[in-house]
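Student: Before anything else, here's the structure in question.
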Amino acid sequence: MADDTYPRLSTIASPEDLRRLPASELPAVAAELREYLVQTVARMGGHFAAGLGTVELTVALHYVYDTPHDRIVWDVGHQAYPHKVLTGRRDRLATIKLKDGLAPFPCRRESEYDTFGVGHSSTSISAALGMAIANERSGGNRRVVAVIGDGAISAGMAWEAMNHAGSLDNDLLVVLNDNDMSISRNVGALSNYFARLLSGRTYDHLRENSKKVLRKMPVAWELVRRSEVHAKGMILPSTVFEELGFNYVGPIDGHDVNLLAETLRNMRQLKGPQFLHIVTQKGKGYAPAEADPILWHGPGPFDPASGLMRKESAGGPAYSQVFGQWLCDMAEADPRIVGITPAMREGSGMVEFERRFPERYFDVAIAEQHAVTLAAGLACDGQKPVVAIYSTFLQRAYDQLIHDVALQNLPVVFAVDRGGFVGGDGATHQGAFDLTYLRCIPNMVVMTPSDEDECRQMLYTATTLEQPAAVRYPRGQGTGALPQRDMRALPVGKAVLRREGRGGLALLGFGSMVPAAERLAGPFDATVVNMRFVKPLDEDMVVDIARRHRAIVTLEENVVAGGAGSAVLECLQAHGLHLPVLLLGIPDRFIHHGSRNENLADAGLDDASLRLAIERFWSPLGLPRVVPAGA
């Protein structure tokens, strides 16, 4: 980093360096930090707009609080790039999301400043409260701050945590980063003045002393309490946080770094649960991101001067696009089709569906549990709900999936996106567990398409069933098999023989691993089966294959433990069939960030690793020699 380009930022190797600067330098530090983010993310892509919106907040927090002794807990982590820059990782920011580079979100194993590992939303207040309680129990003197966005605070877990925190007297500050003005637009000189007043020690001293006296006089106390609430309600946007037991301050301008530092310095001295509401702008300081923060949430590489993003190579439609087109086609044909998403309209491919069928589109915000039970209620009264949800997000609604949908055998369709590896977003977003956690639920049908057309047909098949069904597909593009316009219901629980081999080995592929099985078949002269259904499993096919072959290999982009391969083993055991079986899938460890191909290699699921694993399995069995590569 050149000193003349970033004269202040280049001197900051830790928050301690930041705290040595006079407060008058903070606006200049924030400006340099914002420019550094623009120039660095432009080279490699990454989460962008959210981080631009939290530059001043990050500077103020690390300036006022004694980090890492004091704890700052970031929610989700999309907005934590400025935090990484100020905490000793500035010169490695360009490696973010790359293999062996910086983690995409705060990560405890990466830095002592990352006090809690995140990636999914609405966990910050619970974790921060736990830290505050631990601090009190150990007799410590650290302060604890949770930073949560207006989207993340919509989830039930955040409100559960606030309800608990408000009933305790632990010292905890919750900062609400309202970056969409979804709660209030009341930002200006007057509200900033009241924020300074209400966060000051004089007001707090008067309020607390008055409470001690007036609580002894119940009638007077109730009158004063209601008057305080009424007075705040006249000048502040909401009293709900006060009712939960927090001292509410704000809203204030989240881009005035000196105001933030002053307010935080005041609030750091206050006792008990505190709530600071700041209003920011996603993409602040970069015009294209300000104009379209959704598009610039997580862009690829771009030209910072023009704002033009680098064009990706042309190819077939991504699976999310296949789903989006299918959903529109189904909605056009069947008025009972309803689409539900927990705040993933763009990622799940539902933009066109919302435009064409707004009355049948429900974005429930970051509330996965509600999304699933809402679908259950719709299904009870004759609608055909389709829940578009990422594999790792469905994990958060597992109780609802079992009790509210499957137990009642309700016909809800789950379009499970991002099944398998997702690359740069890393361990928090890898769809590694869904086949395991879905197939153990009674009444569920679980399908794994091997290409885009099969995905479309499976989605249609799911709508024809009178029971819950999940279609699990990967991120990005598939094999390039263009989906056919016509839709047909597939026979439930039936696999497809793709290649008949003569070498005595059978490869049973599930979903995204079917193409790999076909590529590997030649050297072994192996039979290849596209299993299609994880549940119900095609037991007739498995039994027939077992009786005609000397060994079986299963391939899945899911954890081996309890996955699709385990279903095959259970089937063989139930039929009293005993032959060598090799289960290939994701090993019993978390796979961290990198490209998708690097993820596959890390898990031993790239073609070279798969071939080596099969050869090692094959040779000791005394079976025919493997045909040399290229023969």
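In the structure tokens, chains take the letters A, B, ... in the order shown, each chain's residues start at 1, and ligands count up from 1 in the order shown.
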Skipping near chain neighbours, those fewer than 6 positions away, what residues fall within 8 Å of Gly565 of chain A using only C-alpha atoms, listed as an MDAnalysis selection string?

Tutor: chainID A and resid 554:556 583:584

Student: Include C-alpha atoms and write out the residues we just selected as a tab-separated table (two decimals), in the first residue's frame.

Tutor:
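What landed in part_39.tsv:
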```
chain	number	residue	atom	x	y	z
A	554	THR	CA	-21.82	-44.43	-4.59
A	555	LEU	CA	-21.06	-40.79	-5.40
A	556	GLU	CA	-22.76	-37.78	-3.82
A	583	LEU	CA	-19.15	-44.50	-0.30
A	584	LEU	CA	-17.68	-41.35	-1.85
```

Student: Residues within 12 Å of His255 of chain A, please, as a PyMOL selection string. Count only C-alpha atoms; anything in the same chain fewer than 4 positions from it doesn't count.

Tutor: chain A and resi 26-27+30-31+34+52-60+177-179+187-188+192+251+259-261+278-285

Student: Only N, CA, C and O atoms, please: the residues just picked out, written as a compact mmCIF listing (two decimals), in the first residue's frame.

Tutor:
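Final file, part_15.txt:
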```
# COMPACT_ATOMS: atom_id res chain seq x y z
N LEU A 26 -10.59 11.31 12.15
CA LEU A 26 -11.47 10.16 11.85
C LEU A 26 -12.19 10.29 10.51
O LEU A 26 -12.29 9.30 9.77
N PRO A 27 -12.74 11.46 10.14
CA PRO A 27 -13.39 11.54 8.82
C PRO A 27 -12.43 11.21 7.68
O PRO A 27 -12.81 10.55 6.70
N ALA A 30 -11.94 7.47 7.54
CA ALA A 30 -13.10 6.82 6.93
C ALA A 30 -13.09 6.98 5.41
O ALA A 30 -13.41 6.04 4.67
N ALA A 31 -12.72 8.15 4.94
CA ALA A 31 -12.69 8.38 3.49
C ALA A 31 -11.65 7.49 2.82
O ALA A 31 -11.91 6.91 1.75
N ARG A 34 -12.90 3.83 2.82
CA ARG A 34 -13.92 3.59 1.80
C ARG A 34 -13.28 3.46 0.41
O ARG A 34 -13.63 2.57 -0.36
N LEU A 52 -19.48 -0.77 2.53
CA LEU A 52 -19.37 0.67 2.31
C LEU A 52 -20.28 1.43 3.27
O LEU A 52 -19.96 2.55 3.68
N GLY A 53 -21.39 0.81 3.63
CA GLY A 53 -22.34 1.48 4.53
C GLY A 53 -21.91 1.49 5.98
O GLY A 53 -22.46 2.25 6.79
N THR A 54 -20.94 0.65 6.36
CA THR A 54 -20.55 0.58 7.77
C THR A 54 -19.15 1.12 8.03
O THR A 54 -18.57 0.86 9.08
N VAL A 55 -18.60 1.87 7.10
CA VAL A 55 -17.24 2.38 7.27
C VAL A 55 -17.13 3.25 8.52
O VAL A 55 -16.27 3.04 9.39
N GLU A 56 -17.99 4.27 8.63
CA GLU A 56 -17.91 5.18 9.77
C GLU A 56 -18.21 4.46 11.08
O GLU A 56 -17.55 4.71 12.11
N LEU A 57 -19.18 3.57 11.07
CA LEU A 57 -19.50 2.82 12.29
C LEU A 57 -18.30 1.99 12.74
O LEU A 57 -17.98 1.94 13.93
N THR A 58 -17.64 1.32 11.80
CA THR A 58 -16.49 0.48 12.14
C THR A 58 -15.37 1.32 12.73
O THR A 58 -14.74 0.94 13.73
N VAL A 59 -15.09 2.45 12.10
CA VAL A 59 -14.04 3.34 12.61
C VAL A 59 -14.39 3.80 14.02
O VAL A 59 -13.55 3.76 14.94
N ALA A 60 -15.63 4.22 14.23
CA ALA A 60 -16.03 4.73 15.54
C ALA A 60 -15.99 3.65 16.61
O ALA A 60 -15.54 3.90 17.75
N ASN A 177 -28.06 -1.23 12.63
CA ASN A 177 -27.63 -0.57 11.40
C ASN A 177 -28.80 -0.59 10.43
O ASN A 177 -29.02 -1.56 9.71
N ASP A 178 -29.56 0.48 10.42
CA ASP A 178 -30.76 0.58 9.58
C ASP A 178 -30.32 1.11 8.22
O ASP A 178 -30.27 2.31 7.98
N ASN A 179 -29.96 0.18 7.33
CA ASN A 179 -29.38 0.61 6.06
C ASN A 179 -30.36 0.63 4.90
O ASN A 179 -29.99 0.77 3.76
N VAL A 187 -33.96 11.30 10.44
CA VAL A 187 -32.53 11.55 10.66
C VAL A 187 -32.25 13.01 10.33
O VAL A 187 -32.59 13.49 9.27
N GLY A 188 -31.63 13.70 11.26
CA GLY A 188 -31.32 15.10 11.02
C GLY A 188 -30.81 15.73 12.28
O GLY A 188 -30.51 15.07 13.28
N ASN A 192 -30.40 13.97 15.99
CA ASN A 192 -29.02 13.84 16.46
C ASN A 192 -28.83 14.52 17.81
O ASN A 192 -28.13 14.02 18.70
N PRO A 251 -32.90 7.70 16.15
CA PRO A 251 -31.87 7.33 15.17
C PRO A 251 -30.89 8.47 14.92
O PRO A 251 -31.26 9.64 15.01
N LEU A 259 -19.97 12.12 15.36
CA LEU A 259 -21.21 11.95 16.13
C LEU A 259 -21.31 10.53 16.67
O LEU A 259 -21.68 10.31 17.84
N LEU A 260 -20.98 9.56 15.83
CA LEU A 260 -21.01 8.17 16.27
C LEU A 260 -20.05 7.95 17.43
O LEU A 260 -20.39 7.30 18.43
N ALA A 261 -18.84 8.46 17.30
CA ALA A 261 -17.84 8.26 18.35
C ALA A 261 -18.30 8.90 19.66
O ALA A 261 -18.16 8.32 20.75
N ILE A 278 -28.84 3.53 14.31
CA ILE A 278 -28.19 4.41 13.34
C ILE A 278 -28.77 4.15 11.95
O ILE A 278 -29.23 3.04 11.66
N VAL A 279 -28.77 5.17 11.13
CA VAL A 279 -29.27 5.04 9.76
C VAL A 279 -28.10 5.25 8.80
O VAL A 279 -27.39 6.25 8.88
N THR A 280 -27.89 4.27 7.93
CA THR A 280 -26.80 4.33 6.96
C THR A 280 -27.34 4.07 5.56
O THR A 280 -28.51 3.74 5.38
N GLN A 281 -26.48 4.20 4.59
CA GLN A 281 -26.84 3.93 3.20
C GLN A 281 -25.94 2.84 2.66
O GLN A 281 -24.71 2.99 2.66
N LYS A 282 -26.54 1.75 2.20
CA LYS A 282 -25.73 0.70 1.57
C LYS A 282 -25.07 1.27 0.32
O LYS A 282 -25.68 2.00 -0.44
N GLY A 283 -23.80 0.93 0.16
CA GLY A 283 -23.08 1.43 -1.01
C GLY A 283 -22.58 2.85 -0.86
O GLY A 283 -22.13 3.45 -1.85
N LYS A 284 -22.64 3.41 0.35
CA LYS A 284 -22.30 4.82 0.58
C LYS A 284 -20.92 5.16 0.00
O LYS A 284 -19.93 4.48 0.23
N GLY A 285 -20.90 6.23 -0.79
CA GLY A 285 -19.64 6.74 -1.31
C GLY A 285 -19.26 6.21 -2.68
O GLY A 285 -18.28 6.69 -3.27
```

Student: Hey, what does DSSP flag as alpha helix (DSSP H) within segment 279-342 of chain A? Can you give it to me as an MDAnalysis selection string?

Tutor: chainID A and resid 287:291 319:333

Student: Include N, CA, C and O atoms and write out the residues we just selected as a short mmCIF file (atom, residue, chain, number, x, y, z; two decimals), in the first residue's frame.

Tutor:
```cif
data_model
loop_
_atom_site.label_atom_id
_atom_site.label_comp_id
_atom_site.auth_asym_id
_atom_site.auth_seq_id
_atom_site.Cartn_x
_atom_site.Cartn_y
_atom_site.Cartn_z
N ALA A 287 -21.23 5.70 -6.22
CA ALA A 287 -22.52 6.03 -6.83
C ALA A 287 -23.26 4.82 -7.40
O ALA A 287 -24.47 4.67 -7.16
N PRO A 288 -22.61 3.94 -8.17
CA PRO A 288 -23.36 2.79 -8.70
C PRO A 288 -23.96 1.91 -7.59
O PRO A 288 -25.07 1.41 -7.71
N ALA A 289 -23.20 1.72 -6.49
CA ALA A 289 -23.70 0.89 -5.40
C ALA A 289 -24.80 1.60 -4.63
O ALA A 289 -25.73 0.95 -4.11
N GLU A 290 -24.73 2.93 -4.52
CA GLU A 290 -25.81 3.67 -3.88
C GLU A 290 -27.09 3.54 -4.68
O GLU A 290 -28.18 3.41 -4.12
N ALA A 291 -26.97 3.56 -6.01
CA ALA A 291 -28.15 3.51 -6.88
C ALA A 291 -28.78 2.13 -6.90
O ALA A 291 -30.00 2.00 -7.03
N TYR A 319 -28.96 -23.02 -12.45
CA TYR A 319 -30.09 -23.75 -11.88
C TYR A 319 -31.13 -22.82 -11.28
O TYR A 319 -32.34 -23.09 -11.36
N SER A 320 -30.71 -21.71 -10.67
CA SER A 320 -31.69 -20.77 -10.11
C SER A 320 -32.54 -20.16 -11.21
O SER A 320 -33.74 -19.88 -11.00
N GLN A 321 -31.96 -19.95 -12.40
CA GLN A 321 -32.74 -19.45 -13.53
C GLN A 321 -33.71 -20.50 -14.03
O GLN A 321 -34.84 -20.19 -14.41
N VAL A 322 -33.27 -21.75 -14.04
CA VAL A 322 -34.17 -22.84 -14.43
C VAL A 322 -35.36 -22.88 -13.48
O VAL A 322 -36.52 -23.01 -13.90
N PHE A 323 -35.08 -22.75 -12.20
CA PHE A 323 -36.17 -22.75 -11.22
C PHE A 323 -37.11 -21.57 -11.44
O PHE A 323 -38.34 -21.72 -11.43
N GLY A 324 -36.53 -20.36 -11.63
CA GLY A 324 -37.36 -19.18 -11.81
C GLY A 324 -38.28 -19.28 -13.02
O GLY A 324 -39.45 -18.91 -12.96
N GLN A 325 -37.76 -19.79 -14.13
CA GLN A 325 -38.59 -19.96 -15.33
C GLN A 325 -39.67 -21.01 -15.10
O GLN A 325 -40.82 -20.83 -15.49
N TRP A 326 -39.29 -22.12 -14.44
CA TRP A 326 -40.28 -23.15 -14.14
C TRP A 326 -41.40 -22.60 -13.26
O TRP A 326 -42.58 -22.86 -13.49
N LEU A 327 -41.04 -21.79 -12.25
CA LEU A 327 -42.05 -21.27 -11.33
C LEU A 327 -43.02 -20.36 -12.07
O LEU A 327 -44.25 -20.42 -11.83
N CYS A 328 -42.51 -19.53 -12.97
CA CYS A 328 -43.40 -18.67 -13.76
C CYS A 328 -44.31 -19.51 -14.66
O CYS A 328 -45.52 -19.23 -14.79
N ASP A 329 -43.75 -20.53 -15.30
CA ASP A 329 -44.56 -21.39 -16.17
C ASP A 329 -45.65 -22.10 -15.37
O ASP A 329 -46.80 -22.21 -15.82
N MET A 330 -45.31 -22.57 -14.20
CA MET A 330 -46.30 -23.27 -13.37
C MET A 330 -47.38 -22.31 -12.89
O MET A 330 -48.56 -22.64 -12.85
N ALA A 331 -46.98 -21.11 -12.48
CA ALA A 331 -47.95 -20.13 -12.00
C ALA A 331 -48.92 -19.72 -13.09
O ALA A 331 -50.10 -19.47 -12.84
N GLU A 332 -48.41 -19.68 -14.31
CA GLU A 332 -49.26 -19.35 -15.45
C GLU A 332 -50.31 -20.43 -15.70
O GLU A 332 -51.45 -20.15 -16.07
N ALA A 333 -49.93 -21.68 -15.45
CA ALA A 333 -50.82 -22.81 -15.71
C ALA A 333 -51.71 -23.15 -14.52
O ALA A 333 -52.79 -23.73 -14.70
#
```

Student: Go through A:Gln269, A:Asn258, A:Thr341, A:Gln430 and flag the residue nearest Gly594 of chain A, using only C-alpha atoms for the distances.

Tutor: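 Closest to Gly594 of chain A of all the choices is A:Gln430.
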
Student: As a VMD selection string, please: the residues near Thr67 of chain A (cut-off 12 Å, only C-alpha atoms, same-chain neighbours under 6 positions excluded).

Tutor: chain A and resid 14 to 19 58 to 61 73 83 86 to 87 111 to 115 142 to 145

Student: Residues of the last selection are to be written out with N, CA and C atoms, as a PDB file, in the first residue's frame.

Tutor:
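See result-v4.pdb below for the written result:
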```
ATOM      1  N   SER A  14      -3.490  -1.888  13.475  1.00  0.00           N
ATOM      2  CA  SER A  14      -4.387  -2.439  14.485  1.00  0.00           C
ATOM      3  C   SER A  14      -5.257  -1.316  15.016  1.00  0.00           C
ATOM      4  N   PRO A  15      -6.350  -1.622  15.695  1.00  0.00           N
ATOM      5  CA  PRO A  15      -7.183  -0.569  16.291  1.00  0.00           C
ATOM      6  C   PRO A  15      -6.429   0.308  17.279  1.00  0.00           C
ATOM      7  N   GLU A  16      -5.384  -0.233  17.898  1.00  0.00           N
ATOM      8  CA  GLU A  16      -4.587   0.575  18.818  1.00  0.00           C
ATOM      9  C   GLU A  16      -3.956   1.755  18.093  1.00  0.00           C
ATOM     10  N   ASP A  17      -3.509   1.526  16.852  1.00  0.00           N
ATOM     11  CA  ASP A  17      -2.970   2.624  16.049  1.00  0.00           C
ATOM     12  C   ASP A  17      -4.054   3.655  15.742  1.00  0.00           C
ATOM     13  N   LEU A  18      -5.253   3.176  15.456  1.00  0.00           N
ATOM     14  CA  LEU A  18      -6.367   4.085  15.183  1.00  0.00           C
ATOM     15  C   LEU A  18      -6.659   4.959  16.394  1.00  0.00           C
ATOM     16  N   ARG A  19      -6.628   4.362  17.577  1.00  0.00           N
ATOM     17  CA  ARG A  19      -6.981   5.099  18.794  1.00  0.00           C
ATOM     18  C   ARG A  19      -5.938   6.159  19.168  1.00  0.00           C
ATOM     19  N   THR A  58     -17.643   1.323  11.798  1.00  0.00           N
ATOM     20  CA  THR A  58     -16.493   0.483  12.142  1.00  0.00           C
ATOM     21  C   THR A  58     -15.365   1.320  12.725  1.00  0.00           C
ATOM     22  N   VAL A  59     -15.089   2.452  12.101  1.00  0.00           N
ATOM     23  CA  VAL A  59     -14.036   3.340  12.610  1.00  0.00           C
ATOM     24  C   VAL A  59     -14.386   3.801  14.022  1.00  0.00           C
ATOM     25  N   ALA A  60     -15.627   4.220  14.232  1.00  0.00           N
ATOM     26  CA  ALA A  60     -16.034   4.731  15.541  1.00  0.00           C
ATOM     27  C   ALA A  60     -15.989   3.649  16.610  1.00  0.00           C
ATOM     28  N   LEU A  61     -16.430   2.451  16.285  1.00  0.00           N
ATOM     29  CA  LEU A  61     -16.427   1.360  17.264  1.00  0.00           C
ATOM     30  C   LEU A  61     -15.011   1.025  17.726  1.00  0.00           C
ATOM     31  N   VAL A  73     -19.435  -7.950  18.162  1.00  0.00           N
ATOM     32  CA  VAL A  73     -19.995  -9.116  17.481  1.00  0.00           C
ATOM     33  C   VAL A  73     -20.767  -8.625  16.266  1.00  0.00           C
ATOM     34  N   HIS A  83     -13.939  -3.822   9.013  1.00  0.00           N
ATOM     35  CA  HIS A  83     -13.435  -4.372  10.272  1.00  0.00           C
ATOM     36  C   HIS A  83     -12.153  -5.175  10.033  1.00  0.00           C
ATOM     37  N   LEU A  86      -9.145  -2.785   9.407  1.00  0.00           N
ATOM     38  CA  LEU A  86      -8.636  -2.059  10.579  1.00  0.00           C
ATOM     39  C   LEU A  86      -8.033  -2.978  11.630  1.00  0.00           C
ATOM     40  N   THR A  87      -8.176  -4.294  11.460  1.00  0.00           N
ATOM     41  CA  THR A  87      -7.698  -5.226  12.490  1.00  0.00           C
ATOM     42  C   THR A  87      -6.548  -6.089  11.986  1.00  0.00           C
ATOM     43  N   SER A 111      -8.723 -14.350  13.486  1.00  0.00           N
ATOM     44  CA  SER A 111      -8.286 -13.159  14.204  1.00  0.00           C
ATOM     45  C   SER A 111      -8.926 -13.096  15.581  1.00  0.00           C
ATOM     46  N   GLU A 112      -8.179 -12.591  16.556  1.00  0.00           N
ATOM     47  CA  GLU A 112      -8.733 -12.401  17.897  1.00  0.00           C
ATOM     48  C   GLU A 112      -9.782 -11.304  17.916  1.00  0.00           C
ATOM     49  N   TYR A 113      -9.807 -10.461  16.885  1.00  0.00           N
ATOM     50  CA  TYR A 113     -10.817  -9.414  16.780  1.00  0.00           C
ATOM     51  C   TYR A 113     -12.156  -9.963  16.286  1.00  0.00           C
ATOM     52  N   ASP A 114     -12.141 -11.129  15.673  1.00  0.00           N
ATOM     53  CA  ASP A 114     -13.379 -11.787  15.234  1.00  0.00           C
ATOM     54  C   ASP A 114     -13.889 -12.610  16.405  1.00  0.00           C
ATOM     55  N   THR A 115     -14.693 -11.995  17.224  1.00  0.00           N
ATOM     56  CA  THR A 115     -15.076 -12.602  18.497  1.00  0.00           C
ATOM     57  C   THR A 115     -16.093 -13.718  18.347  1.00  0.00           C
ATOM     58  N   ARG A 142     -14.910  -5.924  30.616  1.00  0.00           N
ATOM     59  CA  ARG A 142     -15.028  -5.643  29.185  1.00  0.00           C
ATOM     60  C   ARG A 142     -16.453  -5.217  28.836  1.00  0.00           C
ATOM     61  N   ARG A 143     -16.565  -4.478  27.745  1.00  0.00           N
ATOM     62  CA  ARG A 143     -17.862  -4.069  27.200  1.00  0.00           C
ATOM     63  C   ARG A 143     -18.161  -4.943  25.992  1.00  0.00           C
ATOM     64  N   VAL A 144     -19.434  -5.132  25.701  1.00  0.00           N
ATOM     65  CA  VAL A 144     -19.851  -6.017  24.613  1.00  0.00           C
ATOM     66  C   VAL A 144     -20.840  -5.278  23.720  1.00  0.00           C
ATOM     67  N   VAL A 145     -20.602  -5.345  22.400  1.00  0.00           N
ATOM     68  CA  VAL A 145     -21.444  -4.675  21.411  1.00  0.00           C
ATOM     69  C   VAL A 145     -21.879  -5.691  20.360  1.00  0.00           C
TER      70      VAL A 145
END
```

Student: For Val446 of chain A, work out the shell of residues within 7 Å, counting only C-alpha atoms and skipping chain neighbours fewer than 5 positions away, then give it as a list of chain:residue names.

Tutor: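 Counting only the stated atoms, we get A:Arg439, A:Ala469, A:Ala470, A:Val471, A:Phe533, A:Val534, A:Lys535.
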
Student: So that I have them on file, write out the residues from the current selection with N, CA, C and O atoms, as a compact mmCIF listing (two decimals), in the first residue's frame.

Tutor:
```txt
# COMPACT_ATOMS: atom_id res chain seq x y z
N ARG A 439 -33.52 -37.05 4.20
CA ARG A 439 -33.96 -38.41 3.92
C ARG A 439 -34.41 -39.16 5.18
O ARG A 439 -35.10 -40.18 5.07
N ALA A 469 -42.13 -32.62 -0.79
CA ALA A 469 -41.07 -33.06 -1.69
C ALA A 469 -40.01 -31.98 -1.81
O ALA A 469 -40.31 -30.79 -1.83
N ALA A 470 -38.76 -32.42 -1.88
CA ALA A 470 -37.63 -31.51 -2.03
C ALA A 470 -36.86 -31.86 -3.30
O ALA A 470 -36.58 -33.03 -3.56
N VAL A 471 -36.55 -30.83 -4.07
CA VAL A 471 -35.68 -30.97 -5.23
C VAL A 471 -34.40 -30.22 -4.90
O VAL A 471 -34.41 -29.00 -4.72
N PHE A 533 -33.53 -40.36 -7.25
CA PHE A 533 -34.25 -40.23 -5.99
C PHE A 533 -33.39 -40.76 -4.83
O PHE A 533 -32.92 -41.90 -4.86
N VAL A 534 -33.21 -39.91 -3.83
CA VAL A 534 -32.58 -40.37 -2.59
C VAL A 534 -33.63 -41.03 -1.71
O VAL A 534 -33.37 -41.99 -1.01
N LYS A 535 -34.86 -40.50 -1.81
CA LYS A 535 -35.97 -41.07 -1.06
C LYS A 535 -37.26 -40.82 -1.84
O LYS A 535 -37.55 -39.66 -2.17
```

Student: Can you tell me which residues surround Phe105 of chain A at a distance of at most 7 Å, considering only C-alpha atoms, apart from same-chain residues fewer than 3 positions away, and format the answer as a list of chain:residue names?

Tutor: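 After dropping sequence-adjacent residues, the list is A:Gly77, A:His78, A:Ala80, A:Val118, A:Gly119.
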
Student: Have a look at A:Lys84, A:Arg547, A:Lys99, A:His297 and name the one nearest to Ala50 of chain A; count only C-alpha atoms.

Tutor: A:His297

Student: Using only C-alpha atoms, which residues sit within 6 Å of Asp525 of chain A once same-chain residues fewer than 6 positions away are excluded, as a PDB file with N, CA and C atoms, in the first residue's frame?

Tutor:
```pdb
ATOM      1  N   GLY A 501     -21.924 -51.548 -18.051  1.00  0.00           N
ATOM      2  CA  GLY A 501     -20.531 -51.941 -18.150  1.00  0.00           C
ATOM      3  C   GLY A 501     -20.358 -53.449 -18.042  1.00  0.00           C
ATOM      4  N   ARG A 502     -19.121 -53.903 -18.300  1.00  0.00           N
ATOM      5  CA  ARG A 502     -18.832 -55.340 -18.239  1.00  0.00           C
ATOM      6  C   ARG A 502     -17.701 -55.662 -17.270  1.00  0.00           C
ATOM      7  N   GLY A 503     -17.247 -54.642 -16.527  1.00  0.00           N
ATOM      8  CA  GLY A 503     -16.087 -54.857 -15.663  1.00  0.00           C
ATOM      9  C   GLY A 503     -16.406 -55.319 -14.263  1.00  0.00           C
TER      10      GLY A 503
END
```
